[in-house]
>>> print(open('structure17.txt').read())   # compact mmCIF, C-alpha atoms and all ligand atoms
# COMPACT_ATOMS: atom_id res chain seq x y z
CA MET D 1 3.86 20.49 21.82
CA SER D 2 4.20 20.88 18.05
CA LEU D 3 4.36 18.20 15.42
CA PRO D 4 8.06 17.36 15.05
CA PRO D 5 9.68 18.70 11.87
CA ILE D 6 9.95 16.37 8.87
CA ASP D 7 13.18 16.64 6.84
CA ALA D 8 12.95 14.28 3.91
CA ILE D 9 11.42 10.85 3.35
CA ALA D 10 12.66 8.75 0.44
CA SER D 11 10.69 6.15 -1.51
CA ALA D 12 11.65 4.31 -4.70
CA ARG D 13 10.72 7.17 -7.07
CA LEU D 14 10.04 10.11 -4.76
CA THR D 15 11.47 12.42 -2.14
CA ILE D 16 8.86 13.80 0.27
CA ARG D 17 10.15 17.03 1.80
CA PRO D 18 8.92 20.38 3.21
CA VAL D 19 7.56 22.88 0.69
CA ARG D 20 9.78 25.82 -0.39
CA GLU D 21 8.92 29.08 -2.09
CA SER D 22 10.87 27.93 -5.17
CA ASP D 23 8.31 25.10 -5.62
CA LEU D 24 5.49 27.53 -6.43
CA ASP D 25 5.94 27.42 -10.24
CA ASP D 26 5.58 23.63 -10.27
CA LEU D 27 2.67 23.85 -7.82
CA LEU D 28 0.85 26.38 -10.04
CA GLU D 29 0.98 23.85 -12.86
CA ILE D 30 -0.67 21.28 -10.55
CA ASN D 31 -3.23 23.44 -8.74
CA GLY D 32 -4.00 25.52 -11.84
CA ASP D 33 -5.71 22.47 -13.35
CA PRO D 34 -9.48 22.38 -12.64
CA GLU D 35 -9.55 18.57 -12.90
CA VAL D 36 -7.03 18.37 -10.07
CA THR D 37 -8.89 20.81 -7.81
CA ALA D 38 -12.38 19.44 -8.57
CA PHE D 39 -12.66 17.70 -5.18
CA LEU D 40 -10.42 20.06 -3.21
CA PRO D 41 -11.88 22.72 -0.91
CA TYR D 42 -9.90 25.53 -2.57
CA SER D 43 -10.38 27.14 -5.98
CA THR D 44 -8.18 26.38 -8.96
CA TRP D 45 -5.11 28.63 -8.77
CA GLN D 46 -5.19 31.43 -11.33
CA SER D 47 -1.83 33.06 -10.71
CA ALA D 48 1.37 33.12 -8.67
CA LEU D 49 -0.51 35.25 -6.13
CA ASP D 50 -2.79 32.28 -5.29
CA GLY D 51 0.31 30.19 -4.70
CA ARG D 52 1.88 32.77 -2.41
CA SER D 53 -1.33 33.11 -0.32
CA TRP D 54 -1.52 29.33 -0.02
CA LEU D 55 2.13 29.17 1.05
CA ALA D 56 1.50 31.80 3.74
CA ARG D 57 -1.46 29.76 5.09
CA MET D 58 0.67 26.60 5.14
CA ALA D 59 3.53 28.43 6.85
CA ALA D 60 1.08 29.57 9.56
CA LEU D 61 0.01 25.96 10.14
CA GLY D 62 3.65 24.99 10.48
CA GLU D 63 4.39 27.82 12.91
CA ALA D 64 1.37 26.85 15.04
CA GLY D 65 2.76 23.30 15.14
CA SER D 66 -0.54 21.80 13.97
CA GLY D 67 0.50 20.89 10.45
CA ARG D 68 3.34 20.24 8.02
CA GLN D 69 3.04 20.97 4.31
CA LEU D 70 5.21 18.68 2.21
CA VAL D 71 5.77 18.21 -1.50
CA LEU D 72 6.54 15.18 -3.64
CA GLU D 73 9.67 15.55 -5.74
CA LEU D 74 10.09 13.09 -8.59
CA GLY D 75 13.60 11.66 -8.24
CA SER D 76 14.29 11.34 -11.94
CA SER D 77 13.60 15.04 -12.65
CA ALA D 78 13.71 16.82 -9.25
CA LYS D 79 10.37 18.32 -10.36
CA VAL D 80 7.64 18.81 -7.76
CA ILE D 81 4.67 16.72 -8.88
CA GLY D 82 2.37 16.81 -5.86
CA THR D 83 1.69 17.78 -2.26
CA LEU D 84 1.11 15.96 1.00
CA LEU D 85 -0.32 17.72 4.04
CA LEU D 86 -0.31 16.50 7.63
CA PHE D 87 -2.72 18.66 9.65
CA ARG D 88 -5.28 18.83 12.48
CA TYR D 89 -2.62 17.37 14.80
CA GLU D 90 -3.99 16.43 18.22
CA GLU D 91 -1.02 15.80 20.45
CA SER D 92 -2.88 14.21 23.38
CA SER D 93 -4.50 11.67 21.07
CA ALA D 94 -1.42 11.28 18.86
CA ARG D 95 -3.50 11.63 15.72
CA ALA D 96 -3.48 13.80 12.61
CA GLU D 97 -5.21 14.06 9.25
CA ILE D 98 -3.68 13.73 5.79
CA GLY D 99 -4.47 15.47 2.50
CA TYR D 100 -2.75 14.86 -0.86
CA VAL D 101 -2.69 16.13 -4.42
CA LEU D 102 -0.88 14.87 -7.52
CA GLY D 103 -0.44 16.61 -10.89
CA ARG D 104 -2.75 15.10 -13.51
CA ARG D 105 -0.12 13.74 -15.86
CA HIS D 106 1.23 11.58 -13.02
CA TRP D 107 -2.09 9.96 -12.07
CA GLY D 108 -2.55 6.20 -12.30
CA GLN D 109 1.12 5.23 -11.91
CA GLY D 110 0.94 4.21 -8.25
CA LEU D 111 2.86 7.32 -7.20
CA MET D 112 0.53 8.49 -4.43
CA HIS D 113 0.25 4.93 -3.16
CA GLU D 114 4.04 4.84 -2.96
CA ALA D 115 4.13 8.24 -1.23
CA LEU D 116 1.48 7.32 1.34
CA GLU D 117 3.17 4.02 2.19
CA ALA D 118 6.43 5.82 2.94
CA PHE D 119 4.67 8.68 4.71
CA CYS D 120 2.42 6.53 6.95
CA ALA D 121 5.45 4.47 7.98
CA HIS D 122 7.26 7.70 8.92
CA CYS D 123 4.27 9.05 10.87
CA PHE D 124 3.94 5.89 12.96
CA ALA D 125 7.63 5.12 13.45
CA GLN D 126 9.23 8.58 13.65
CA LEU D 127 6.49 11.03 14.66
CA GLY D 128 4.88 8.74 17.23
CA LEU D 129 1.41 9.09 15.76
CA ARG D 130 -1.11 6.45 16.74
CA ARG D 131 -3.88 7.22 14.25
CA LEU D 132 -4.06 8.83 10.79
CA GLU D 133 -7.33 10.10 9.36
CA ALA D 134 -8.65 11.30 6.01
CA GLU D 135 -11.94 12.72 4.74
CA VAL D 136 -12.93 12.09 1.13
CA ASN D 137 -15.86 13.14 -1.03
CA PRO D 138 -17.67 9.89 -1.98
CA ALA D 139 -17.58 10.96 -5.65
CA ASN D 140 -13.77 11.07 -5.63
CA GLU D 141 -13.24 7.51 -6.84
CA ALA D 142 -9.46 7.70 -7.15
CA SER D 143 -8.96 8.98 -3.61
CA ASN D 144 -11.37 6.47 -2.03
CA ALA D 145 -9.68 3.61 -3.90
CA LEU D 146 -6.23 4.87 -2.94
CA LEU D 147 -6.90 4.92 0.81
CA LEU D 148 -8.40 1.42 0.84
CA ARG D 149 -5.42 0.18 -1.18
CA VAL D 150 -2.98 1.68 1.33
CA GLY D 151 -4.80 -0.08 4.18
CA PHE D 152 -7.09 2.59 5.65
CA THR D 153 -10.51 1.47 6.89
CA ARG D 154 -13.62 3.37 5.86
CA GLU D 155 -15.24 4.12 9.22
CA GLY D 156 -18.38 5.96 8.21
CA THR D 157 -19.94 8.84 6.34
CA LEU D 158 -20.51 12.34 7.69
CA ARG D 159 -23.51 13.84 5.94
CA GLN D 160 -23.36 17.35 4.47
CA ARG D 161 -20.06 17.85 6.26
CA TRP D 162 -18.65 20.60 3.99
CA THR D 163 -19.82 23.46 1.85
CA ALA D 164 -17.15 24.65 -0.56
CA LYS D 165 -17.19 26.27 -3.98
CA GLY D 166 -20.99 26.47 -3.95
CA ALA D 167 -21.65 22.79 -3.18
CA THR D 168 -22.51 20.93 0.01
CA TYR D 169 -21.24 17.38 0.20
CA ASP D 170 -20.85 14.31 2.41
CA VAL D 171 -17.48 12.79 3.26
CA HIS D 172 -16.33 9.26 3.90
CA VAL D 173 -14.10 9.17 6.98
CA TYR D 174 -11.05 6.88 6.92
CA GLY D 175 -8.73 5.81 9.72
CA LEU D 176 -5.47 3.88 9.93
CA LEU D 177 -4.01 2.77 13.28
CA ARG D 178 -0.35 2.27 14.10
CA GLU D 179 -1.11 -1.27 15.27
CA GLU D 180 -2.50 -2.07 11.80
CA TRP D 181 0.72 -1.00 10.10
CA PRO D 182 2.28 -2.45 8.01
CA ALA D 183 0.09 -5.57 8.11
CA GLY D 184 -2.92 -3.71 6.67
CA GLY D 185 -0.94 -2.06 3.86
CA GLY D 186 -2.06 -3.13 0.42
CA ARG D 187 -5.30 -4.85 1.46
CA SER D 188 -8.68 -3.41 0.49
CA ARG D 189 -11.11 -3.09 3.37
CA SER D 190 -14.30 -1.12 3.78
CA GLY D 191 -16.48 -0.76 6.80
CA PRO D 192 -19.87 0.83 7.32
CA GLY D 193 -20.83 3.82 5.28
C1 LIG Y 201 -6.34 10.88 -5.61
C2 LIG Y 201 -4.98 10.89 -6.29
C3 LIG Y 201 -3.94 11.45 -5.34
C4 LIG Y 201 -4.60 9.43 -6.64
O1 LIG Y 201 -3.21 9.41 -7.01
P1 LIG Y 201 -2.61 8.28 -7.99
O2 LIG Y 201 -1.12 8.30 -7.86
O3 LIG Y 201 -3.19 8.45 -9.35
O4 LIG Y 201 -3.15 6.96 -7.34
P2 LIG Y 201 -2.44 5.55 -7.47
O5 LIG Y 201 -1.96 5.39 -8.90
O6 LIG Y 201 -1.43 5.38 -6.37
O7 LIG Y 201 -3.65 4.56 -7.27
C5 LIG Y 201 -4.04 4.05 -6.01
C6 LIG Y 201 -5.24 3.17 -6.19
O8 LIG Y 201 -6.37 3.96 -6.61
C7 LIG Y 201 -6.91 3.44 -7.82
N1 LIG Y 201 -7.31 4.55 -8.68
C8 LIG Y 201 -6.51 5.54 -9.14
N2 LIG Y 201 -7.24 6.37 -9.92
C9 LIG Y 201 -8.50 5.88 -9.94
C10 LIG Y 201 -9.73 6.31 -10.54
N3 LIG Y 201 -9.78 7.41 -11.29
N4 LIG Y 201 -10.84 5.58 -10.32
C11 LIG Y 201 -10.80 4.47 -9.56
N5 LIG Y 201 -9.68 4.01 -8.95
C12 LIG Y 201 -8.55 4.71 -9.14
C13 LIG Y 201 -5.75 2.71 -8.48
O9 LIG Y 201 -6.24 1.70 -9.36
C14 LIG Y 201 -5.02 2.13 -7.29
O10 LIG Y 201 -5.59 0.93 -6.85
P3 LIG Y 201 -4.88 -0.45 -7.26
O11 LIG Y 201 -3.48 -0.36 -6.74
O12 LIG Y 201 -5.72 -1.45 -6.56
O13 LIG Y 201 -4.92 -0.52 -8.75
C15 LIG Y 201 -4.99 11.72 -7.61
O14 LIG Y 201 -6.02 11.23 -8.43
C16 LIG Y 201 -5.23 13.21 -7.36
O15 LIG Y 201 -4.31 13.95 -7.03
N6 LIG Y 201 -6.47 13.70 -7.53
C17 LIG Y 201 -6.78 15.14 -7.40
C18 LIG Y 201 -6.61 15.67 -5.98
C19 LIG Y 201 -7.48 14.92 -4.99
O16 LIG Y 201 -8.64 14.62 -5.27
N7 LIG Y 201 -6.90 14.64 -3.82
C20 LIG Y 201 -7.58 13.90 -2.77
C21 LIG Y 201 -8.52 14.76 -2.00
S1 LIG Y 201 -9.34 13.79 -0.73
>>> encode(input="structure17.txt", output="structure tokens", more="lines below")
Ligand SMILES: CC(C)(COP(=O)(O)OP(=O)(O)OC[C@H]1O[C@@H](n2cnc3c(N)ncnc32)[C@H](O)[C@@H]1OP(=O)(O)O)[C@@H](O)C(=O)NCCC(=O)NCCS
Amino acid sequence: MSLPPIDAIASARLTIRPVRESDLDDLLEINGDPEVTAFLPYSTWQSALDGRSWLARMAALGEAGSGRQLVLELGSSAKVIGTLLLFRYEESSARAEIGYVLGRRHWGQGLMHEALEAFCAHCFAQLGLRRLEAEVNPANEASNALLLRVGFTREGTLRQRWTAKGATYDVHVYGLLREEWPAGGGRSRSGPG
């Protein structure tokens, strides 16, 4: 069975909704910034063509039922300021992985924290997921801090897990269980690794 569709999730400042082709201009502004893509597995977007190829890959994930590509729309402007991906869905284990990106001028305002709180709640309550996972490069301080702040537990480190853009790197693996939600939200916890 596929991941159920996600229509729209509202938080105080954001609407989290499925990506559309008309979002690609805003997304080029975000993913065309090398500081934003520094820790992402894909190259900095150079043109609209990169956006269209990415959208086709995300559409294929959606059609296969193993992922859902969402965007973050800022309520005050209706501008798309980031992305949120739910992927690697394993139905029998009711688990999936998350990935997220925010445009640089919106960093440090608690926006991704707000988005993840709303999104995790939706995944556990509406999609029936039991476990959410994330993998983060240890050098990505903002992302590691974010997950701990949301309530994820750092469960370990996978050594030399990925090679991308000419570099091989470790990842910290994070997990959040439905039974920990929402009690774990907002507390910092780190485990081994
Ligand atoms: C990672 C990212 C999504 C964080 O988004 P954000 O909205 O700026 O994060 P928030 O403002 O919600 O901050 C969440 C926590 O992380 C901390 N944090 C944010 N940026 C930080 C930084 N550069 N260094 C250390 N901690 C940081 C915040 O202090 C906050 O903790 P607090 O509430 O205890 O103060 C954003 O930096 C980003 O898009 N980076 C590029 C893409 C990327 O690396 N994605 C993740 C791939 S795994």
>>> closest_residue(input="structure17.txt", among="D:Pro138, D:Pro34, D:Gly128, D:Pro18", to="Ala94 in chain D", atoms="all atoms listed in the file")
D:Gly128
>>> residues_around(input="structure17.txt", residues="Ser143 in chain D", least_positions_apart="6", cutoff="12 Å", atoms="all atoms listed in the file", output="ChimeraX atom specification")
/D:36,39-40,98-102,107-108,110,112-113,116,134-137,149-150,152,154,171-174
>>> closest_residue(input="structure17.txt", among="D:Arg95, D:Arg178, D:Arg131, D:His106", to="ligand LIG 201 (chain Y)", atoms="all atoms listed in the file")
D:His106
>>> residues_around(input="structure17.txt", residues="Asp26 in chain D", least_positions_apart="2", cutoff="8 Å", atoms="only C-alpha atoms", output="count of residues only")
8
>>> closest_residue(input="structure17.txt", among="D:Ser76, D:Arg161, D:Trp181, D:Ser92", to="Arg13 in chain D", atoms="only C-alpha atoms")
D:Ser76
>>> residues_around(input="structure17.txt", residues="Ala8 in chain D", least_positions_apart="6", cutoff="7 Å", atoms="only C-alpha atoms", output="ChimeraX atom specification")
/D:15-17
>>> write_last_selection(input="structure17.txt", atoms="C-alpha atoms", output="mmCIF file, in the coordinates of the input")
data_model
loop_
_atom_site.group_PDB
_atom_site.id
_atom_site.type_symbol
_atom_site.label_atom_id
_atom_site.label_comp_id
_atom_site.auth_asym_id
_atom_site.auth_seq_id
_atom_site.Cartn_x
_atom_site.Cartn_y
_atom_site.Cartn_z
ATOM 1 C CA THR D 15 11.470 12.420 -2.140
ATOM 2 C CA ILE D 16 8.860 13.800 0.270
ATOM 3 C CA ARG D 17 10.150 17.030 1.800
#
>>> residues_around(input="structure17.txt", residues="range 59-69 of chain D", least_positions_apart="4", cutoff="7 Å", atoms="only C-alpha atoms", output="ChimeraX atom specification")
/D:2-3,18-19,55,84-89
>>> closest_residue(input="structure17.txt", among="D:Met1, D:Ala115, D:Ala142, D:Ala96", to="ligand LIG 201 (chain Y)", atoms="only C-alpha atoms and all ligand atoms")
D:Ala142
>>> atom_distance(input="structure17.txt", atom1="atom O1 of ligand LIG 201 (chain Y)", atom2="CA of Ala145 in chain D")
9.2 Å
>>> atom_distance(input="structure17.txt", atom1="CA of Arg130 in chain D", atom2="CA of Glu179 in chain D")
7.9 Å
>>> atom_distance(input="structure17.txt", atom1="CA of Ala48 in chain D", atom2="CA of Arg20 in chain D")
13.9 Å
>>> closest_residue(input="structure17.txt", among="D:Ser93, D:Thr157, D:Thr37, D:Ser77", to="ligand LIG 201 (chain Y)", atoms="only C-alpha atoms and all ligand atoms")
D:Thr37
>>> axis_aligned_box(input="structure17.txt", around="ligand LIG 201 (chain Y)", padding_each_side="6 Å", output="JSON")
{"center_x": -6.0, "center_y": 7.1, "center_z": -6.0, "size_x": 21.7, "size_y": 29.1, "size_z": 22.6}
>>> closest_residue(input="structure17.txt", among="D:Arg159, D:His122, D:Lys165, D:Arg104", to="ligand LIG 201 (chain Y)", atoms="all atoms listed in the file")
D:Arg104
